[in-house]
Amino acid sequence: MQTAYIYALCANACFAVATLFFTHYTRKLSSLWMNTFKASVALVCFGAMNLYLGGFHPITTYNFLVFFISGFLALGIGDVFLLNAFKEMGTGRTLVLFGFHPVIVGVVSFIAFDQAISSKKLVVILLFILCLIIFSVENFRKTKSWDLKGILLALLGMSFDAVGVTITRYGFNLNENLTAFEGNFYRCLGAIVAYILLSYWYPFSFVAGFKKLRWRSRGLVFIGAFLGTFLSLAFYLEAIKTSHLATISAISITGVTMSAGLECLWEKKAPSIYLLGALSLLSLGLWILFDT
(Lines give C-alpha, C1' and ligand atoms only; values in the text may rest on other atoms or scores of the structure.)
Protein backbone atom coordinates (compact mmCIF):
# COMPACT_ATOMS: atom_id res chain seq x y z
CA MET A 1 0.00 0.00 0.00
CA GLN A 2 2.77 2.46 0.87
CA THR A 3 4.36 1.82 -2.52
CA ALA A 4 1.13 3.05 -4.12
CA TYR A 5 1.34 6.24 -2.06
CA ILE A 6 4.92 6.82 -3.26
CA TYR A 7 3.77 6.34 -6.86
CA ALA A 8 1.01 8.91 -6.26
CA LEU A 9 3.50 11.43 -4.84
CA CYS A 10 5.84 10.92 -7.81
CA ALA A 11 2.91 11.42 -10.20
CA ASN A 12 1.98 14.60 -8.40
CA ALA A 13 5.53 15.98 -8.47
CA CYS A 14 5.77 15.40 -12.24
CA PHE A 15 2.39 17.04 -12.81
CA ALA A 16 3.22 20.03 -10.57
CA VAL A 17 6.26 20.83 -12.71
CA ALA A 18 4.39 20.22 -15.97
CA THR A 19 1.54 22.61 -15.09
CA LEU A 20 3.98 25.51 -15.47
CA PHE A 21 4.55 24.50 -19.10
CA PHE A 22 0.89 23.64 -19.75
CA THR A 23 -0.32 27.04 -18.57
CA HIS A 24 2.24 29.00 -20.60
CA TYR A 25 1.63 27.20 -23.90
CA THR A 26 -2.14 27.03 -23.45
CA ARG A 27 -2.11 30.82 -23.27
CA LYS A 28 0.28 31.04 -26.21
CA LEU A 29 -1.60 28.60 -28.47
CA SER A 30 -4.78 26.92 -27.15
CA SER A 31 -5.92 24.27 -24.71
CA LEU A 32 -6.88 21.92 -27.56
CA TRP A 33 -3.44 22.22 -29.15
CA MET A 34 -1.63 21.67 -25.83
CA ASN A 35 -3.82 18.71 -24.93
CA THR A 36 -3.44 17.12 -28.36
CA PHE A 37 0.34 17.53 -28.22
CA LYS A 38 0.75 16.06 -24.75
CA ALA A 39 -1.62 13.17 -25.49
CA SER A 40 0.27 12.41 -28.72
CA VAL A 41 3.64 12.41 -26.92
CA ALA A 42 2.23 10.16 -24.20
CA LEU A 43 0.66 7.78 -26.74
CA VAL A 44 4.00 7.28 -28.51
CA CYS A 45 5.89 6.85 -25.21
CA PHE A 46 3.38 4.38 -23.76
CA GLY A 47 3.33 2.41 -27.02
CA ALA A 48 7.13 2.26 -27.09
CA MET A 49 7.30 1.15 -23.45
CA ASN A 50 4.77 -1.60 -24.02
CA LEU A 51 6.77 -2.94 -26.96
CA TYR A 52 10.00 -2.68 -24.96
CA LEU A 53 8.46 -4.64 -22.07
CA GLY A 54 7.35 -7.48 -24.32
CA GLY A 55 4.20 -6.30 -26.03
CA PHE A 56 0.53 -5.96 -25.12
CA HIS A 57 -1.47 -8.44 -23.06
CA PRO A 58 -4.66 -9.87 -24.60
CA ILE A 59 -7.63 -7.63 -23.93
CA THR A 60 -11.35 -7.97 -24.64
CA THR A 61 -13.22 -5.38 -26.66
CA TYR A 62 -15.24 -4.45 -23.59
CA ASN A 63 -12.11 -3.95 -21.47
CA PHE A 64 -10.55 -1.82 -24.21
CA LEU A 65 -13.67 0.35 -24.40
CA VAL A 66 -13.60 0.89 -20.63
CA PHE A 67 -10.10 2.40 -20.84
CA PHE A 68 -10.95 4.21 -24.07
CA ILE A 69 -14.01 5.88 -22.53
CA SER A 70 -12.00 6.75 -19.41
CA GLY A 71 -9.42 8.54 -21.55
CA PHE A 72 -12.11 10.18 -23.68
CA LEU A 73 -13.80 11.67 -20.61
CA ALA A 74 -10.86 12.42 -18.28
CA LEU A 75 -7.85 13.10 -20.53
CA GLY A 76 -9.97 14.35 -23.41
CA ILE A 77 -12.89 16.48 -22.25
CA GLY A 78 -11.74 16.88 -18.63
CA ASP A 79 -8.25 18.16 -19.50
CA VAL A 80 -9.68 20.72 -21.94
CA PHE A 81 -11.67 22.21 -19.07
CA LEU A 82 -8.65 21.95 -16.75
CA LEU A 83 -6.18 23.71 -19.06
CA ASN A 84 -8.71 26.45 -19.78
CA ALA A 85 -9.07 26.89 -16.01
CA PHE A 86 -5.26 27.21 -15.78
CA LYS A 87 -5.49 29.87 -18.47
CA GLU A 88 -8.25 31.77 -16.67
CA MET A 89 -7.12 31.52 -13.03
CA GLY A 90 -3.56 30.19 -13.05
CA THR A 91 -2.42 26.81 -11.76
CA GLY A 92 -2.49 27.62 -8.05
CA ARG A 93 -6.09 28.78 -7.80
CA THR A 94 -7.26 26.00 -10.11
CA LEU A 95 -5.56 23.27 -8.10
CA VAL A 96 -7.08 24.69 -4.90
CA LEU A 97 -10.48 23.55 -6.15
CA PHE A 98 -9.18 20.01 -6.50
CA GLY A 99 -9.64 19.67 -2.76
CA PHE A 100 -13.11 18.39 -3.63
CA HIS A 101 -11.66 15.71 -5.92
CA PRO A 102 -11.14 13.03 -3.21
CA VAL A 103 -14.67 13.64 -1.94
CA ILE A 104 -16.14 12.96 -5.39
CA VAL A 105 -13.84 9.98 -5.96
CA GLY A 106 -14.66 8.67 -2.49
CA VAL A 107 -18.41 8.77 -3.12
CA VAL A 108 -18.15 7.22 -6.60
CA SER A 109 -15.69 4.49 -5.49
CA PHE A 110 -17.91 3.67 -2.49
CA ILE A 111 -20.88 3.20 -4.82
CA ALA A 112 -18.88 1.31 -7.46
CA PHE A 113 -16.42 -0.73 -5.37
CA ASP A 114 -17.75 -0.50 -1.79
CA GLN A 115 -14.53 1.26 -0.72
CA ALA A 116 -15.41 2.75 2.68
CA ILE A 117 -13.18 5.51 4.07
CA SER A 118 -11.51 4.55 7.37
CA SER A 119 -11.15 7.12 10.17
CA LYS A 120 -7.38 7.33 9.55
CA LYS A 121 -7.84 8.00 5.83
CA LEU A 122 -10.62 10.48 6.56
CA VAL A 123 -8.28 12.48 8.84
CA VAL A 124 -5.63 12.53 6.08
CA ILE A 125 -8.14 13.69 3.48
CA LEU A 126 -9.42 16.44 5.80
CA LEU A 127 -5.85 17.63 6.52
CA PHE A 128 -5.10 17.86 2.79
CA ILE A 129 -8.35 19.73 2.17
CA LEU A 130 -7.42 22.11 5.01
CA CYS A 131 -4.19 22.84 3.10
CA LEU A 132 -6.33 23.98 0.20
CA ILE A 133 -8.51 26.16 2.40
CA ILE A 134 -5.34 27.93 3.57
CA PHE A 135 -4.32 28.55 -0.04
CA SER A 136 -7.81 29.71 -0.97
CA VAL A 137 -7.70 32.31 1.81
CA GLU A 138 -4.31 33.53 0.60
CA ASN A 139 -5.46 33.71 -3.02
CA PHE A 140 -8.66 35.54 -2.07
CA ARG A 141 -6.68 38.12 -0.08
CA LYS A 142 -4.54 38.74 -3.15
CA THR A 143 -7.29 38.94 -5.78
CA LYS A 144 -10.29 40.09 -3.66
CA SER A 145 -12.56 38.15 -6.00
CA TRP A 146 -13.28 34.74 -7.50
CA ASP A 147 -13.34 34.07 -11.24
CA LEU A 148 -16.69 32.29 -11.66
CA LYS A 149 -15.86 31.19 -15.21
CA GLY A 150 -12.53 29.74 -14.09
CA ILE A 151 -14.16 28.02 -11.09
CA LEU A 152 -16.79 26.41 -13.33
CA LEU A 153 -14.11 25.19 -15.77
CA ALA A 154 -12.03 23.75 -12.91
CA LEU A 155 -15.02 21.97 -11.34
CA LEU A 156 -16.01 20.46 -14.68
CA GLY A 157 -12.46 19.30 -15.31
CA MET A 158 -12.26 17.81 -11.82
CA SER A 159 -15.58 15.99 -12.19
CA PHE A 160 -14.66 14.42 -15.53
CA ASP A 161 -11.28 13.39 -14.09
CA ALA A 162 -12.87 11.82 -11.00
CA VAL A 163 -15.25 9.75 -13.13
CA GLY A 164 -12.36 8.76 -15.41
CA VAL A 165 -10.25 7.59 -12.45
CA THR A 166 -13.06 5.36 -11.22
CA ILE A 167 -13.68 3.89 -14.68
CA THR A 168 -9.94 3.22 -15.04
CA ARG A 169 -9.87 1.30 -11.75
CA TYR A 170 -12.80 -0.77 -13.03
CA GLY A 171 -10.78 -1.53 -16.17
CA PHE A 172 -7.88 -2.87 -14.12
CA ASN A 173 -10.27 -4.93 -12.01
CA LEU A 174 -11.45 -6.62 -15.21
CA ASN A 175 -7.92 -7.64 -16.19
CA GLU A 176 -5.24 -7.61 -13.48
CA ASN A 177 -2.53 -8.61 -15.99
CA LEU A 178 -2.65 -5.21 -17.70
CA THR A 179 0.14 -2.78 -16.86
CA ALA A 180 -0.23 0.96 -16.25
CA PHE A 181 1.52 1.54 -19.60
CA GLU A 182 -1.14 -0.48 -21.43
CA GLY A 183 -4.03 1.19 -19.64
CA ASN A 184 -2.62 4.62 -20.41
CA PHE A 185 -2.04 3.74 -24.08
CA TYR A 186 -5.73 2.91 -24.52
CA ARG A 187 -6.74 6.01 -22.54
CA CYS A 188 -4.58 8.26 -24.73
CA LEU A 189 -6.30 6.83 -27.81
CA GLY A 190 -9.63 7.88 -26.32
CA ALA A 191 -8.30 11.35 -25.54
CA ILE A 192 -7.02 11.93 -29.08
CA VAL A 193 -10.37 10.87 -30.55
CA ALA A 194 -12.03 13.40 -28.23
CA TYR A 195 -9.73 16.16 -29.51
CA ILE A 196 -10.41 15.22 -33.13
CA LEU A 197 -14.16 15.50 -32.50
CA LEU A 198 -13.78 18.80 -30.62
CA SER A 199 -11.70 20.24 -33.47
CA TYR A 200 -14.85 20.30 -35.63
CA TRP A 201 -16.36 22.89 -33.29
CA TYR A 202 -13.10 24.56 -32.24
CA PRO A 203 -10.75 24.28 -35.25
CA PHE A 204 -6.99 24.43 -34.70
CA SER A 205 -3.94 23.49 -36.74
CA PHE A 206 -1.72 21.06 -34.90
CA VAL A 207 1.24 21.27 -37.31
CA ALA A 208 1.02 25.05 -37.78
CA GLY A 209 0.94 25.55 -34.02
CA PHE A 210 4.09 23.47 -33.60
CA LYS A 211 5.87 25.37 -36.37
CA LYS A 212 5.09 28.67 -34.63
CA LEU A 213 7.23 27.63 -31.68
CA ARG A 214 10.95 28.25 -31.56
CA TRP A 215 13.27 25.29 -31.06
CA ARG A 216 13.70 26.10 -27.37
CA SER A 217 9.92 26.24 -26.90
CA ARG A 218 9.51 22.94 -28.75
CA GLY A 219 11.91 21.34 -26.32
CA LEU A 220 10.15 22.84 -23.30
CA VAL A 221 6.67 21.83 -24.44
CA PHE A 222 7.94 18.29 -25.05
CA ILE A 223 9.44 18.16 -21.54
CA GLY A 224 6.13 19.35 -20.10
CA ALA A 225 4.19 16.71 -22.03
CA PHE A 226 6.65 13.96 -21.06
CA LEU A 227 6.53 14.84 -17.36
CA GLY A 228 2.88 15.80 -17.02
CA THR A 229 1.29 13.14 -19.19
CA PHE A 230 3.64 10.19 -19.70
CA LEU A 231 5.47 9.97 -16.36
CA SER A 232 2.66 11.40 -14.27
CA LEU A 233 0.04 9.04 -15.71
CA ALA A 234 2.38 6.05 -15.52
CA PHE A 235 2.92 6.62 -11.80
CA TYR A 236 -0.71 7.55 -11.13
CA LEU A 237 -2.29 4.54 -12.81
CA GLU A 238 0.18 2.25 -11.06
CA ALA A 239 -1.04 3.80 -7.79
CA ILE A 240 -4.77 3.42 -8.46
CA LYS A 241 -4.53 -0.17 -9.72
CA THR A 242 -4.72 -1.60 -6.20
CA SER A 243 -4.93 1.22 -3.65
CA HIS A 244 -7.81 3.12 -2.02
CA LEU A 245 -9.04 5.59 -4.64
CA ALA A 246 -10.11 8.43 -2.34
CA THR A 247 -6.78 8.34 -0.47
CA ILE A 248 -4.76 8.36 -3.71
CA SER A 249 -6.92 11.25 -4.89
CA ALA A 250 -6.24 13.11 -1.63
CA ILE A 251 -2.49 12.69 -2.08
CA SER A 252 -2.88 14.41 -5.45
CA ILE A 253 -3.87 17.56 -3.59
CA THR A 254 -0.23 17.93 -2.55
CA GLY A 255 0.30 19.40 -6.03
CA VAL A 256 -0.96 22.74 -4.71
CA THR A 257 1.83 22.89 -2.13
CA MET A 258 4.39 21.63 -4.63
CA SER A 259 3.35 24.24 -7.18
CA ALA A 260 3.53 26.99 -4.56
CA GLY A 261 7.00 25.84 -3.50
CA LEU A 262 8.20 25.77 -7.11
CA GLU A 263 6.83 29.26 -7.59
CA CYS A 264 8.88 30.49 -4.62
CA LEU A 265 12.03 28.95 -6.08
CA TRP A 266 11.30 30.32 -9.55
CA GLU A 267 10.66 33.85 -8.29
CA LYS A 268 13.38 33.61 -5.60
CA LYS A 269 11.06 34.76 -2.83
CA ALA A 270 10.59 33.61 0.74
CA PRO A 271 7.62 31.29 1.44
CA SER A 272 4.55 32.96 2.93
CA ILE A 273 3.09 32.09 6.33
CA TYR A 274 0.26 30.37 4.41
CA LEU A 275 2.69 28.12 2.56
CA LEU A 276 4.51 27.23 5.78
CA GLY A 277 1.19 26.38 7.44
CA ALA A 278 0.12 24.24 4.49
CA LEU A 279 3.48 22.45 4.50
CA SER A 280 3.04 21.65 8.18
CA LEU A 281 -0.41 20.15 7.62
CA LEU A 282 0.85 18.31 4.56
CA SER A 283 3.72 16.79 6.52
CA LEU A 284 1.35 15.72 9.30
CA GLY A 285 -1.03 14.12 6.80
CA LEU A 286 1.74 12.21 5.06
CA TRP A 287 3.14 11.06 8.42
CA ILE A 288 -0.28 9.67 9.41
CA LEU A 289 -0.68 8.07 5.98
CA PHE A 290 2.68 6.30 6.01
CA ASP A 291 2.71 5.48 9.73
CA THR A 292 2.03 1.77 10.13
# chains A, B, ... in the order shown; residues from 1 in each chain; ligands from 1
$ residues_around --residues "Leu73 of chain A" --least-positions-apart "4" --cutoff "12 Å" --atoms "only C-alpha atoms" --output "ChimeraX atom specification"
/A:65-69,77-81,156-168,187-195
$ atom_distance --atom1 "atom CA of Leu9 of chain A" --atom2 "atom CA of Trp287 of chain A"
13.3 Å
$ atom_distance --atom1 "atom CA of Ala234 of chain A" --atom2 "atom CA of Thr23 of chain A"
21.4 Å
$ atom_distance --atom1 "atom CA of Phe56 of chain A" --atom2 "atom CA of Lys38 of chain A"
22.0 Å
$ residues_around --residues "Val41 of chain A" --least-positions-apart "6" --cutoff "8 Å" --atoms "only C-alpha atoms" --output "PyMOL selection string"
chain A and resi 222+225-226+230
$ write_last_selection --atoms "N, CA and C atoms" --output "PDB file, in the first residue's frame"
ATOM      1  N   PHE A 222       7.774  19.751 -25.068  1.00  0.00           N
ATOM      2  CA  PHE A 222       7.940  18.294 -25.047  1.00  0.00           C
ATOM      3  C   PHE A 222       8.242  17.808 -23.634  1.00  0.00           C
ATOM      4  N   ALA A 225       5.061  17.822 -21.663  1.00  0.00           N
ATOM      5  CA  ALA A 225       4.186  16.706 -22.031  1.00  0.00           C
ATOM      6  C   ALA A 225       4.722  15.384 -21.485  1.00  0.00           C
ATOM      7  N   PHE A 226       6.036  15.199 -21.548  1.00  0.00           N
ATOM      8  CA  PHE A 226       6.653  13.961 -21.064  1.00  0.00           C
ATOM      9  C   PHE A 226       6.449  13.806 -19.557  1.00  0.00           C
ATOM     10  N   PHE A 230       3.067  11.539 -19.692  1.00  0.00           N
ATOM     11  CA  PHE A 230       3.638  10.192 -19.702  1.00  0.00           C
ATOM     12  C   PHE A 230       4.041   9.731 -18.303  1.00  0.00           C
TER      13      PHE A 230
END
$ closest_residue --among "A:Ser217, A:Thr179, A:Thr36, A:Thr26" --to "Ile59 of chain A" --atoms "only C-alpha atoms"
A:Thr179
$ residues_around --residues "segment 82-85 of chain A" --least-positions-apart "4" --cutoff "9 Å" --atoms "only C-alpha atoms" --output "count of residues only"
27
$ residues_around --residues "segment 43-55 of chain A" --least-positions-apart "3" --cutoff "6 Å" --atoms "only C-alpha atoms" --output "PyMOL selection string"
chain A and resi 39-40+181+185+188
$ residues_around --residues "segment 201-209 of chain A" --least-positions-apart "3" --cutoff "9 Å" --atoms "only C-alpha atoms" --output "VMD selection string"
chain A and resid 29 to 30 32 to 33 36 to 37 197 to 198 212 to 213
